[in-house]
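To start, the structure under review is shown below, and the notes come after it.
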Amino acid sequence: MPDLYTTFGNFLLLKERAKGGLGTLWRAGEMERTGFKRIVWLRRFDQPGLDRNIMSGDFAVTTQIGQTLKASNIVRNGMVGREKGVPFLAWDYVPSQPLDQLLDRVSGEQFPIAIDNALLIAEKIAAALASALAVEVGGEPLVHGFLVPHMVMIGNDGEAMVGGFGLAKGLLGNLAKVPALRDAAAPYLAPEVLGGKPANRRSDVYSLGAILYQLLTGAALPADPGARPSVLDAPQMAFEEGAVPQDVLGILRKALSPNAESRFGTAAEFKRELEKLLYGGAYSPTTFNLALFMDRLYRNDIEQEDRELQKERSLDVAGYYQAPRPAGSEAPTPLVEQPATSRTGLYVAIAAVVILVAVVGILLLRPSAPPSADSESVRAEVSRQFKAYNEQLEALKREADQERARSAELQKQLEESRKGSGAKKLTPEEEAKIQADIQARADADRQRRERIAQIEAQKTQLEKTLPAALAPAATAAPVIPTPAPQPTAPVVAATVPPVAPTSAPVATAAIPPTQAPVVPPPTVRAQPAVTGVLSGGPAENELIDPTLVDVLPQALQEARPQLSRAFLMARVPYSGVVILKALVNAKGLVEDVQVLRPFQGPKLGVDEACVEASKLYRFKPATKSGVKVKTWATITIPVSNKR
């Protein structure tokens, strides 16, 4: 039976992604007669108690803002409207995660956001706010006014996008009316805004400071402005990583000053201060590293969403699409529902339900039609999948070539500096940064190779299942009835006749995630790399080479080395990194540590201290075919005696 979706005006709601104080967030499709015009993010402001007339009062201005405001860190093609009385905001779909959901995921999985990534996210949000200031509304520079994590999307590619410009007046007007809205927004709003004053440029600075505070500490500011100064006395980084560094804390305190005049004057000023931190030598932010963090945190979700989108883009919307109503045809929706004065509507509804039940009963009781054995359509679908696989492989290999070339340049720069033959002699700190960058690129390259191997395995599996898919139904073995899989795979799954196994059936979880769940013929032995325990997969805590695991260990808790007093008190400043490899077991504990690259400076116990610190790390264990296994992970620890 096909999936049933809900329409919302000219949108088809595909999947609810979040629900909270600002309503619900959906992945949806904007329909036209022949299919989807575009896939969008759709936020419905559907909280109970919302004064919808206040929300909709400035929609004409908000629509004009959406058409005028264009910048890389602002959502694209935003539009607002009201459907059946429910206000909404929609914008172009980009693979990304709502910031409020990301913060919840980080907290739930104990997966820390590196300080470089936290500062980079704040800098990208500041860029969006600074871009908006170039647009005037009513003779004044445009401010956001309601900057909360729910209005920010963090892209899987490491970018950040802000939406909701122009909605502040309606949302602030509902703050006292809707407790859930106030609970969600209060920790991020400036004291004067919570006190009823209009939002302005300095209140946007405060909201951005509140978001940065949560990115660093893992906790939101207190909703009560009176309790906020105390938490800024000595804030601690999330997951016991120590105090917030003083250079960051200075910026944070200025942005979160209760006195508006003491804050940065604009988001552009805030952005410049963040840039001094990010690119002044103390930190090493890159969009690539932020994308890598998103991949580690959301890898399974990203792959699942890719499969869902592939299916959704090919949906036939003819049964859902209705021609748009003329402008202004929507009847006004009362804020309070009036009691019904006639029972006609009730009788009509009851009759509709009876008819629906009868139709569903007929559909469920009638015999199922035999699956189609149209080999041409199967070949076409397989050809399409092969093309998709090849495109992915080409993109990954092209990216790998570019990254390796960049790594070679960095390595050459490093070697020339050490030999004294380069144009510029690098400082120890610069050398350490380049080494860390090279190591990060090597880690990313290893993951990229794993992805390439997965795609090639999927192609191989598809080749093996193709003969079964094209076999004539008359010559197939007798079919053993099995539950039909849910339609979460490409179309080929619906066109392939099932083949009865003569032994234990192969579990559908064994098939690669981007491939249709086609059951192979009994004579084909599934590959161990993709079948798991049912075909001789690994045992729990079995030692597996890191190039063969499906998911590498992911650090959840780090530890700083306890450096010797002799090193810390040395007159000559030293900076660098120690690179180690740790054997991580199925419980995420470190069993053994080996030094890959020792500290390039006076020893004084530095390597030993880093080894001891590595043993205190805690990881999300590696998995192979869904089984937690033991493997090696790389740890890079920066070391410095600068005070």
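Going through the structure tokens in order, the chains are called A, B, and so on, while each chain numbers its residues from 1 and the ligands are numbered from 1 in the order shown.
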
DSSP strand (DSSP E or B) selection over region 118-331 of chain A, as a list in words: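 Result set for region 118-331 of chain A (strand (DSSP E or B)): Glu136, Val137, Glu140, Pro141, Val152, Met153, Ile154, Gly155, Ala160, Met161, Val162, Gln236 and Ala243 of chain A.
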
Next, the residues of the selection above should be written as an mmCIF file, in the first residue's frame with C-alpha atoms.
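After the write, result.cif holds the following:
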```cif
data_model
loop_
_atom_site.group_PDB
_atom_site.id
_atom_site.type_symbol
_atom_site.label_atom_id
_atom_site.label_comp_id
_atom_site.auth_asym_id
_atom_site.auth_seq_id
_atom_site.Cartn_x
_atom_site.Cartn_y
_atom_site.Cartn_z
ATOM 1 C CA GLU A 136 16.779 48.768 4.939
ATOM 2 C CA VAL A 137 13.199 48.268 6.086
ATOM 3 C CA GLU A 140 16.273 51.291 9.239
ATOM 4 C CA PRO A 141 18.880 48.513 8.781
ATOM 5 C CA VAL A 152 19.590 28.400 12.329
ATOM 6 C CA MET A 153 20.453 25.438 10.112
ATOM 7 C CA ILE A 154 23.922 23.840 10.164
ATOM 8 C CA GLY A 155 24.635 22.299 6.783
ATOM 9 C CA ALA A 160 25.435 27.759 8.580
ATOM 10 C CA MET A 161 22.245 29.458 7.366
ATOM 11 C CA VAL A 162 19.867 31.795 9.194
ATOM 12 C CA GLN A 236 33.249 25.750 32.030
ATOM 13 C CA ALA A 243 37.362 26.627 31.748
#
```

When you look at region 442-444 of chain A with a cut-off of 10 Å (counting only C-alpha atoms), what residues show up, excluding the ones that are within fewer than 6 positions of it in the same chain? I need them as a PDB file with N, CA and C atoms, in the first residue's frame.
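Dumped to selection.pdb:
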```pdb
ATOM      1  N   PHE A 288      35.877  22.540   6.435  1.00  0.00           N
ATOM      2  CA  PHE A 288      36.087  21.102   6.224  1.00  0.00           C
ATOM      3  C   PHE A 288      35.973  20.340   7.550  1.00  0.00           C
ATOM      4  N   ASN A 289      36.610  20.852   8.609  1.00  0.00           N
ATOM      5  CA  ASN A 289      36.552  20.168   9.906  1.00  0.00           C
ATOM      6  C   ASN A 289      35.146  20.186  10.492  1.00  0.00           C
ATOM      7  N   LEU A 292      33.289  17.567   8.715  1.00  0.00           N
ATOM      8  CA  LEU A 292      33.714  16.259   9.224  1.00  0.00           C
ATOM      9  C   LEU A 292      33.018  15.949  10.550  1.00  0.00           C
ATOM     10  N   ALA A 400      39.229  13.559  -3.619  1.00  0.00           N
ATOM     11  CA  ALA A 400      40.431  12.953  -3.038  1.00  0.00           C
ATOM     12  C   ALA A 400      41.690  13.487  -3.708  1.00  0.00           C
ATOM     13  N   GLU A 403      42.370  17.041  -2.426  1.00  0.00           N
ATOM     14  CA  GLU A 403      42.840  17.066  -1.043  1.00  0.00           C
ATOM     15  C   GLU A 403      44.278  16.537  -0.938  1.00  0.00           C
ATOM     16  N   ARG A 404      44.593  15.499  -1.703  1.00  0.00           N
ATOM     17  CA  ARG A 404      45.964  14.971  -1.668  1.00  0.00           C
ATOM     18  C   ARG A 404      46.964  15.982  -2.226  1.00  0.00           C
ATOM     19  N   SER A 407      47.509  18.450   0.489  1.00  0.00           N
ATOM     20  CA  SER A 407      48.349  17.871   1.535  1.00  0.00           C
ATOM     21  C   SER A 407      49.809  17.838   1.099  1.00  0.00           C
ATOM     22  N   ALA A 436      48.813  19.409  12.050  1.00  0.00           N
ATOM     23  CA  ALA A 436      47.448  19.021  12.431  1.00  0.00           C
ATOM     24  C   ALA A 436      46.533  19.012  11.216  1.00  0.00           C
ATOM     25  N   GLU A 450      37.010   4.631   2.496  1.00  0.00           N
ATOM     26  CA  GLU A 450      36.017   3.668   3.000  1.00  0.00           C
ATOM     27  C   GLU A 450      34.693   3.835   2.252  1.00  0.00           C
ATOM     28  N   ALA A 633      42.485   4.005  16.599  1.00  0.00           N
ATOM     29  CA  ALA A 633      42.050   5.375  16.308  1.00  0.00           C
ATOM     30  C   ALA A 633      43.259   6.304  16.436  1.00  0.00           C
ATOM     31  N   THR A 634      43.245   7.377  15.665  1.00  0.00           N
ATOM     32  CA  THR A 634      44.331   8.364  15.722  1.00  0.00           C
ATOM     33  C   THR A 634      43.953   9.498  16.670  1.00  0.00           C
TER      34      THR A 634
END
```

Can you write out as a Markdown table which residues of region 103-122 of chain A fall within 9 Å of region 215-233 of chain A, alongside each residue's closest atom pair and its distance in Å to one decimal, counting only C-alpha atoms and ordering rows by chain and ascending residue number?
```
| residue | atom | partner | partner_atom | distance |
| --- | --- | --- | --- | --- |
| A:Leu103 | CA | A:Leu215 | CA | 7.4 |
| A:Val106 | CA | A:Gly218 | CA | 8.0 |
| A:Ser107 | CA | A:Gly218 | CA | 6.7 |
| A:Pro112 | CA | A:Gly218 | CA | 8.2 |
| A:Ile113 | CA | A:Leu215 | CA | 6.9 |
| A:Ala114 | CA | A:Leu216 | CA | 8.1 |
| A:Ile115 | CA | A:Leu216 | CA | 6.5 |
| A:Asn117 | CA | A:Leu215 | CA | 8.9 |
| A:Ala118 | CA | A:Leu215 | CA | 5.5 |
| A:Leu119 | CA | A:Leu215 | CA | 8.4 |
| A:Ile121 | CA | A:Leu215 | CA | 8.7 |
| A:Ala122 | CA | A:Leu215 | CA | 8.7 |
```

Selection near region 39-41 of chain A, 8 Å with only C-alpha atoms, sequence-local residues under 5 positions removed, as a PyMOL selection string: chain A and resi 25-30+90-94

Suppose we keep C-alpha atoms; can you now write the selection as a compact mmCIF listing (two decimals), in the first residue's frame?
```txt
# COMPACT_ATOMS: atom_id res chain seq x y z
CA LEU A 25 9.64 21.64 11.19
CA TRP A 26 9.06 19.48 8.11
CA ARG A 27 10.80 18.33 5.01
CA ALA A 28 8.17 19.02 2.37
CA GLY A 29 7.65 19.26 -1.37
CA GLU A 30 6.15 22.30 -3.09
CA ALA A 90 9.40 27.81 3.83
CA TRP A 91 12.80 27.92 2.14
CA ASP A 92 14.91 25.82 -0.24
CA TYR A 93 15.91 22.45 1.15
CA VAL A 94 19.63 22.05 1.82
```

All residues 8 Å or closer to region 577-592 of chain A, only C-alpha atoms, same chain fewer than 3 positions away omitted, as JSON, numbers by chain: {"A": [432, 435, 436, 540, 541, 553, 595, 596, 597, 598, 599, 600, 607, 610, 611, 614, 615, 616, 617, 618, 619, 620, 621, 622, 628, 629, 630, 631, 632, 633, 634, 635, 636, 637, 638, 639]}

What would the file look like if the residues just selected were written as a JSON list (two decimals), in the first residue's frame with N, CA and C atoms?
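Listing of out.json after writing:
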```json
[["chain", "number", "residue", "atom", "x", "y", "z"],
["A", 432, "ALA", "N", 53.08, 23.36, 13.76],
["A", 432, "ALA", "CA", 52.12, 22.48, 14.45],
["A", 432, "ALA", "C", 50.76, 22.53, 13.78],
["A", 435, "GLN", "N", 50.94, 20.54, 10.57],
["A", 435, "GLN", "CA", 50.93, 19.10, 10.88],
["A", 435, "GLN", "C", 49.53, 18.62, 11.22],
["A", 436, "ALA", "N", 48.81, 19.41, 12.05],
["A", 436, "ALA", "CA", 47.45, 19.02, 12.43],
["A", 436, "ALA", "C", 46.53, 19.01, 11.22],
["A", 540, "GLU", "N", 31.76, -9.56, 18.59],
["A", 540, "GLU", "CA", 31.91, -8.32, 19.35],
["A", 540, "GLU", "C", 33.30, -8.24, 19.97],
["A", 541, "ASN", "N", 33.91, -7.07, 19.85],
["A", 541, "ASN", "CA", 35.24, -6.77, 20.37],
["A", 541, "ASN", "C", 36.35, -7.48, 19.59],
["A", 553, "PRO", "N", 36.07, 4.73, 15.35],
["A", 553, "PRO", "CA", 35.81, 5.25, 16.70],
["A", 553, "PRO", "C", 35.70, 6.78, 16.67],
["A", 595, "VAL", "N", 52.95, 5.85, 20.12],
["A", 595, "VAL", "CA", 53.29, 7.18, 19.61],
["A", 595, "VAL", "C", 53.67, 7.06, 18.13],
["A", 596, "LEU", "N", 52.92, 7.76, 17.28],
["A", 596, "LEU", "CA", 53.23, 7.78, 15.85],
["A", 596, "LEU", "C", 54.22, 8.89, 15.51],
["A", 597, "ARG", "N", 54.01, 10.04, 16.11],
["A", 597, "ARG", "CA", 54.90, 11.17, 15.88],
["A", 597, "ARG", "C", 55.19, 11.82, 17.21],
["A", 598, "PRO", "N", 56.41, 11.72, 17.71],
["A", 598, "PRO", "CA", 56.74, 12.31, 19.01],
["A", 598, "PRO", "C", 56.81, 13.83, 18.92],
["A", 599, "PHE", "N", 56.87, 14.45, 20.06],
["A", 599, "PHE", "CA", 56.97, 15.90, 20.14],
["A", 599, "PHE", "C", 58.30, 16.36, 19.55],
["A", 600, "GLN", "N", 58.25, 17.35, 18.67],
["A", 600, "GLN", "CA", 59.46, 17.86, 18.02],
["A", 600, "GLN", "C", 60.05, 18.99, 18.86],
["A", 607, "ASP", "N", 55.95, 13.24, 25.58],
["A", 607, "ASP", "CA", 55.32, 12.08, 24.93],
["A", 607, "ASP", "C", 54.62, 11.19, 25.96],
["A", 610, "CYS", "N", 51.35, 12.65, 27.10],
["A", 610, "CYS", "CA", 50.30, 12.51, 26.08],
["A", 610, "CYS", "C", 49.78, 11.07, 26.03],
["A", 611, "VAL", "N", 50.66, 10.11, 26.21],
["A", 611, "VAL", "CA", 50.23, 8.70, 26.25],
["A", 611, "VAL", "C", 49.26, 8.49, 27.41],
["A", 614, "SER", "N", 45.94, 10.04, 26.66],
["A", 614, "SER", "CA", 45.19, 9.26, 25.66],
["A", 614, "SER", "C", 44.44, 8.10, 26.31],
["A", 615, "LYS", "N", 45.02, 7.53, 27.35],
["A", 615, "LYS", "CA", 44.37, 6.41, 28.02],
["A", 615, "LYS", "C", 43.08, 6.82, 28.72],
["A", 616, "LEU", "N", 42.91, 8.12, 28.95],
["A", 616, "LEU", "CA", 41.70, 8.62, 29.61],
["A", 616, "LEU", "C", 40.61, 9.00, 28.61],
["A", 617, "TYR", "N", 40.93, 8.92, 27.32],
["A", 617, "TYR", "CA", 39.92, 9.23, 26.31],
["A", 617, "TYR", "C", 38.78, 8.21, 26.37],
["A", 618, "ARG", "N", 37.59, 8.66, 25.99],
["A", 618, "ARG", "CA", 36.44, 7.76, 25.85],
["A", 618, "ARG", "C", 35.87, 7.94, 24.45],
["A", 619, "PHE", "N", 35.55, 6.80, 23.81],
["A", 619, "PHE", "CA", 35.12, 6.82, 22.42],
["A", 619, "PHE", "C", 33.75, 6.19, 22.25],
["A", 620, "LYS", "N", 33.09, 6.59, 21.18],
["A", 620, "LYS", "CA", 31.98, 5.81, 20.65],
["A", 620, "LYS", "C", 32.64, 4.72, 19.81],
["A", 621, "PRO", "N", 32.46, 3.43, 20.15],
["A", 621, "PRO", "CA", 33.26, 2.38, 19.52],
["A", 621, "PRO", "C", 32.99, 2.23, 18.03],
["A", 622, "ALA", "N", 33.96, 1.65, 17.35],
["A", 622, "ALA", "CA", 33.81, 1.35, 15.92],
["A", 622, "ALA", "C", 32.80, 0.23, 15.74],
["A", 628, "LYS", "N", 29.84, -3.95, 17.41],
["A", 628, "LYS", "CA", 30.90, -3.14, 18.01],
["A", 628, "LYS", "C", 32.20, -3.95, 18.03],
["A", 629, "VAL", "N", 33.25, -3.36, 17.47],
["A", 629, "VAL", "CA", 34.52, -4.08, 17.34],
["A", 629, "VAL", "C", 35.65, -3.24, 17.92],
["A", 630, "LYS", "N", 36.82, -3.87, 17.99],
["A", 630, "LYS", "CA", 38.03, -3.21, 18.48],
["A", 630, "LYS", "C", 38.87, -2.78, 17.28],
["A", 631, "THR", "N", 39.39, -1.56, 17.31],
["A", 631, "THR", "CA", 40.24, -1.10, 16.22],
["A", 631, "THR", "C", 41.10, 0.06, 16.70],
["A", 632, "TRP", "N", 41.96, 0.56, 15.81],
["A", 632, "TRP", "CA", 42.87, 1.65, 16.16],
["A", 632, "TRP", "C", 42.28, 2.99, 15.75],
["A", 633, "ALA", "N", 42.49, 4.00, 16.60],
["A", 633, "ALA", "CA", 42.05, 5.37, 16.31],
["A", 633, "ALA", "C", 43.26, 6.30, 16.44],
["A", 634, "THR", "N", 43.24, 7.38, 15.67],
["A", 634, "THR", "CA", 44.33, 8.36, 15.72],
["A", 634, "THR", "C", 43.95, 9.50, 16.67],
["A", 635, "ILE", "N", 44.90, 9.88, 17.52],
["A", 635, "ILE", "CA", 44.69, 10.99, 18.46],
["A", 635, "ILE", "C", 45.80, 12.02, 18.22],
["A", 636, "THR", "N", 45.41, 13.27, 18.06],
["A", 636, "THR", "CA", 46.37, 14.36, 17.90],
["A", 636, "THR", "C", 46.22, 15.30, 19.09],
["A", 637, "ILE", "N", 47.29, 15.51, 19.84],
["A", 637, "ILE", "CA", 47.25, 16.34, 21.04],
["A", 637, "ILE", "C", 48.19, 17.54, 20.85],
["A", 638, "PRO", "N", 47.65, 18.77, 20.86],
["A", 638, "PRO", "CA", 48.52, 19.95, 20.79],
["A", 638, "PRO", "C", 49.23, 20.18, 22.12],
["A", 639, "VAL", "N", 50.47, 20.61, 22.05],
["A", 639, "VAL", "CA", 51.29, 20.81, 23.25],
["A", 639, "VAL", "C", 51.97, 22.18, 23.17]]
```

Atomic separation - CA of Val148 (chain A) relative to CA of Ala18 (chain A), Å: 14.6 Å

One-decimal distance in Å that lies between CA of Pro87 (chain A) and CA of Gln67 (chain A): 18.1 Å

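If you count only C-alpha atoms and ignore residues fewer than 3 places along the chain from Leu568 (chain A), what sits within 8 Å of it is Leu563, Ser564, Arg565, Ser640, Asn641 and Lys642 of chain A.
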
DSSP-assigned alpha helix (DSSP H) members of region 145-355 of chain A, reported as a ChimeraX atom specification: /A:168-173,179-185,191-194,201-217,228-231,246-255,267-278,287-313,344-355

Residues from the last selection, C-alpha atoms, saved as a short mmCIF file (atom, residue, chain, number, x, y, z; two decimals), in the first residue's frame:
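As a result, selection_34.cif now contains:
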```
data_model
loop_
_atom_site.label_atom_id
_atom_site.label_comp_id
_atom_site.auth_asym_id
_atom_site.auth_seq_id
_atom_site.Cartn_x
_atom_site.Cartn_y
_atom_site.Cartn_z
CA ALA A 168 10.28 38.98 15.09
CA LYS A 169 7.34 41.30 15.68
CA GLY A 170 4.76 38.52 15.43
CA LEU A 171 6.77 36.06 17.50
CA LEU A 172 7.60 38.58 20.23
CA GLY A 173 3.94 39.60 20.30
CA PRO A 179 4.37 29.44 27.37
CA ALA A 180 6.10 26.89 25.11
CA LEU A 181 7.30 29.67 22.80
CA ARG A 182 8.65 31.68 25.73
CA ASP A 183 10.40 28.64 27.24
CA ALA A 184 12.13 27.93 23.91
CA ALA A 185 13.17 31.54 23.17
CA PRO A 191 16.99 41.34 28.88
CA GLU A 192 15.49 44.48 27.35
CA VAL A 193 13.61 42.45 24.72
CA LEU A 194 12.20 40.14 27.41
CA ARG A 201 21.10 45.50 16.44
CA ARG A 202 22.53 45.14 19.93
CA SER A 203 19.86 42.64 20.97
CA ASP A 204 20.87 40.51 17.97
CA VAL A 205 24.45 40.63 19.29
CA TYR A 206 23.17 39.38 22.65
CA SER A 207 21.26 36.49 21.04
CA LEU A 208 24.33 35.43 19.09
CA GLY A 209 26.38 35.56 22.30
CA ALA A 210 23.80 33.32 23.99
CA ILE A 211 24.07 30.78 21.16
CA LEU A 212 27.88 30.85 21.38
CA TYR A 213 27.68 30.33 25.15
CA GLN A 214 25.63 27.16 24.64
CA LEU A 215 27.90 25.88 21.86
CA LEU A 216 30.86 26.17 24.24
CA THR A 217 29.36 25.08 27.55
CA ARG A 228 22.80 35.18 33.97
CA PRO A 229 25.69 37.27 35.37
CA SER A 230 26.59 34.52 37.86
CA VAL A 231 27.03 31.84 35.15
CA GLN A 246 40.07 33.89 28.61
CA ASP A 247 40.29 35.30 25.07
CA VAL A 248 36.92 33.74 24.23
CA LEU A 249 35.42 34.66 27.58
CA GLY A 250 36.24 38.35 27.03
CA ILE A 251 34.24 38.41 23.79
CA LEU A 252 31.43 36.40 25.37
CA ARG A 253 31.05 38.74 28.32
CA LYS A 254 30.97 41.80 26.07
CA ALA A 255 28.29 40.29 23.82
CA ALA A 267 26.88 41.86 14.44
CA ALA A 268 29.55 43.07 11.99
CA GLU A 269 31.68 44.26 14.93
CA PHE A 270 31.11 40.95 16.71
CA LYS A 271 32.17 39.13 13.54
CA ARG A 272 35.43 41.09 13.32
CA GLU A 273 36.33 40.17 16.90
CA LEU A 274 35.57 36.52 16.23
CA GLU A 275 37.77 36.62 13.13
CA LYS A 276 40.68 37.97 15.18
CA LEU A 277 40.36 34.91 17.41
CA LEU A 278 39.78 32.42 14.63
CA THR A 287 34.64 24.50 7.15
CA PHE A 288 36.09 21.10 6.22
CA ASN A 289 36.55 20.17 9.91
CA LEU A 290 33.03 21.35 10.74
CA ALA A 291 31.69 19.19 7.89
CA LEU A 292 33.71 16.26 9.22
CA PHE A 293 32.18 16.80 12.67
CA MET A 294 28.66 16.80 11.16
CA ASP A 295 29.43 13.61 9.26
CA ARG A 296 30.64 11.84 12.39
CA LEU A 297 27.62 12.95 14.40
CA TYR A 298 24.95 12.37 11.73
CA ARG A 299 26.42 9.80 9.32
CA ASN A 300 23.59 7.25 9.61
CA ASP A 301 20.93 9.98 9.49
CA ILE A 302 22.52 11.55 6.41
CA GLU A 303 22.55 8.24 4.54
CA GLN A 304 18.95 7.52 5.58
CA GLU A 305 17.83 10.97 4.43
CA ASP A 306 19.55 10.50 1.08
CA ARG A 307 17.57 7.30 0.54
CA GLU A 308 14.31 8.96 1.56
CA LEU A 309 14.90 11.94 -0.72
CA GLN A 310 15.65 9.66 -3.65
CA LYS A 311 12.27 8.06 -3.18
CA GLU A 312 10.38 11.29 -2.45
CA ARG A 313 11.64 13.16 -5.52
CA THR A 344 -24.82 18.91 8.88
CA GLY A 345 -21.04 19.02 8.92
CA LEU A 346 -20.94 16.28 11.55
CA TYR A 347 -23.16 14.00 9.48
CA VAL A 348 -21.05 14.61 6.38
CA ALA A 349 -17.87 13.77 8.34
CA ILE A 350 -19.41 10.53 9.67
CA ALA A 351 -20.46 9.51 6.17
CA ALA A 352 -16.96 10.22 4.85
CA VAL A 353 -15.41 8.05 7.56
CA VAL A 354 -17.80 5.16 6.77
CA ILE A 355 -16.92 5.36 3.06
#
```

Pick from A:Ala555, A:Gly78, A:Leu393, A:Ala609, whichever lies nearest to Phe111 (chain A) using only C-alpha atoms: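 Among the listed residues, A:Ala555 lies closest to Phe111 (chain A).
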
Atom-to-atom span, CA of Gly49 (chain A) and CA of Phe88 (chain A), Å: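 Computed distance, CA of Gly49 (chain A) to CA of Phe88 (chain A), equals 15.5 Å.
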
Shortest interatomic distance to Leu42 (chain A) - which of A:Gly57, A:Arg17, A:Arg441, A:Leu89, counting only C-alpha atoms: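 Looking only at the distances to Leu42 (chain A), the closest residue turns out to be A:Leu89.
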